[in-house]
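Asks: Here it is, the structure in full.
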Amino acid sequence: MKTTLHKADTRGHANHGWLNSYHTFSFGSYHNPDRMSFGVLRVLNDDEVGAGMGFGTHGHSNMEIISIPLEGDLEHKDDMGNTTVIRQGDIQAMSAGSGIQHSEKNKSHDRQVKFLQIWILPNKANVTPRYDQITLASDSLKNNLQQIVSPNADDEGICIHQNAWFHLGEFNMDKTNNYTLKNPNNGVYIFLLEGKCTANGIALEKRDGLGIEATDKIDFTFRENSKILLMEVPMAN
């Protein structure tokens, strides 16, 4: 087993006033040659956007972009004609493919919005851009690893152009669980959103990240009430 531990306080940080963002991997003005990616997982940003503020219209191409709201309401608009609001419990995915223009804005004028912005390198270039959004069942995460992203359109969660599987779960203190990799050649990046846990014996606290390679199974013990995101990804594209 090979592991890479990223403690929460080692992440890159940018505070633009309207945007307070923590970067697990190199992004924007934060550049760390030792933290460029974990396999095809290129960006993991922990964003907080001020009331009524947001990202103006901008472009992406050849990237799978997943947004996971943690608090508040985030409005999305794009040049495919989509105007939607994503809230806690929703999962959004956008295949930028051959090129897309979009904007993201805090829908509220009196409270912040917090969300994860995740970029995955695709396994197909220049695909037709695509947008999708789902709402999770209210009890689907309770002491359970719920699949939220997969490569298969007929599987649970949102389909993306990569052999990657994401799972999200909320666990009570002292609960245990495990995850078996879909492909033993992949790696898993664990991001602990809340609480404390151990993953294959390695202790994690709130907002810590842990990459695990060269294993086919991960065992978890939750030391506090916890919320966790698992991202199984190819280590090479």
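Letters A, B, ... mark the chains of the structure tokens in the order given; residue numbers begin at 1 per chain; ligand numbers begin at 1, in order shown.
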Among the residues of region 13-220 of chain A, find those DSSP assigns to strand (DSSP E or B) from the backbone and print them as a VMD selection string.

Replies: chain A and resid 13 to 15 19 to 23 27 30 38 41 to 49 54 to 60 64 to 71 73 to 78 83 to 87 90 to 95 100 to 106 113 to 120 130 to 135 142 146 to 150 158 to 159 165 to 171 176 to 180 187 to 194 196 to 199 202 to 205 209 to 213 217 to 220

Asks: Sorted by chain and rising residue number, which residues of region 122-192 of chain A lie within 6 Å of region 96-117 of chain A, and what are their closest atom pairs and distances in Å to one decimal, counting only C-alpha atoms, as JSON lines?

Replies:
```
{"residue": "A:Asn126", "atom": "CA", "partner": "A:Ser98", "partner_atom": "CA", "distance": 4.0}
{"residue": "A:Val127", "atom": "CA", "partner": "A:Gly97", "partner_atom": "CA", "distance": 4.5}
{"residue": "A:Thr128", "atom": "CA", "partner": "A:Gly97", "partner_atom": "CA", "distance": 5.7}
{"residue": "A:Pro129", "atom": "CA", "partner": "A:Gly97", "partner_atom": "CA", "distance": 5.0}
```

Asks: Applying 10 Å and only C-alpha atoms, which residues near Glu224 (chain A) remain after dropping the ones on its own chain fewer than 4 positions away? List them as a PyMOL selection string.

Replies: chain A and resi 171-175+194-197+205

Asks: The selected residues should be written to file as a JSON list (two decimals), in the first residue's frame (atoms: N, CA and C atoms).

Replies:
```
[["chain", "number", "residue", "atom", "x", "y", "z"],
["A", 171, "PHE", "N", -21.32, 9.24, 8.74],
["A", 171, "PHE", "CA", -21.23, 8.12, 9.67],
["A", 171, "PHE", "C", -21.25, 8.59, 11.11],
["A", 172, "ASN", "N", -21.93, 7.80, 11.94],
["A", 172, "ASN", "CA", -21.94, 8.07, 13.38],
["A", 172, "ASN", "C", -20.63, 7.62, 14.02],
["A", 173, "MET", "N", -20.33, 8.21, 15.16],
["A", 173, "MET", "CA", -19.13, 7.84, 15.91],
["A", 173, "MET", "C", -19.13, 6.35, 16.22],
["A", 174, "ASP", "N", -17.95, 5.74, 16.07],
["A", 174, "ASP", "CA", -17.69, 4.32, 16.35],
["A", 174, "ASP", "C", -18.20, 3.38, 15.28],
["A", 175, "LYS", "N", -18.81, 3.91, 14.23],
["A", 175, "LYS", "CA", -19.20, 3.05, 13.12],
["A", 175, "LYS", "C", -17.96, 2.63, 12.32],
["A", 194, "GLU", "N", -15.92, 16.27, 7.53],
["A", 194, "GLU", "CA", -16.19, 16.56, 8.94],
["A", 194, "GLU", "C", -15.76, 15.36, 9.78],
["A", 195, "GLY", "N", -15.37, 15.62, 11.03],
["A", 195, "GLY", "CA", -15.15, 14.55, 11.98],
["A", 195, "GLY", "C", -13.72, 14.05, 12.05],
["A", 196, "LYS", "N", -13.60, 12.80, 12.53],
["A", 196, "LYS", "CA", -12.32, 12.11, 12.65],
["A", 196, "LYS", "C", -12.53, 10.65, 12.30],
["A", 197, "CYS", "N", -11.53, 10.08, 11.61],
["A", 197, "CYS", "CA", -11.62, 8.67, 11.28],
["A", 197, "CYS", "C", -10.22, 8.11, 11.08],
["A", 205, "GLU", "N", -8.38, 13.94, 10.16],
["A", 205, "GLU", "CA", -9.24, 14.92, 10.82],
["A", 205, "GLU", "C", -9.90, 15.78, 9.75]]
```

Asks: Of the residues A:Asp219, A:Asp79, A:Asp132, A:Glu213, which is the one nearest to Pro234 (chain A), using only C-alpha atoms?

Replies: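 Closest residue, counting only C-alpha atoms: A:Glu213.
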
Asks: Give me the residues near region 157-164 of chain A as JSON, numbers by chain, where near means some atom within 9 Å (using only C-alpha atoms) and where sequence neighbours in that chain fewer than 2 positions away do not count.

Replies: {"A": [40, 63, 64, 65, 91, 92, 93, 94, 95, 120, 121, 122, 123, 124, 127, 132, 133, 134, 136, 146, 147, 148, 149, 150, 151, 152, 153, 154, 155, 166, 182, 183, 186, 231, 232, 233, 234, 237]}
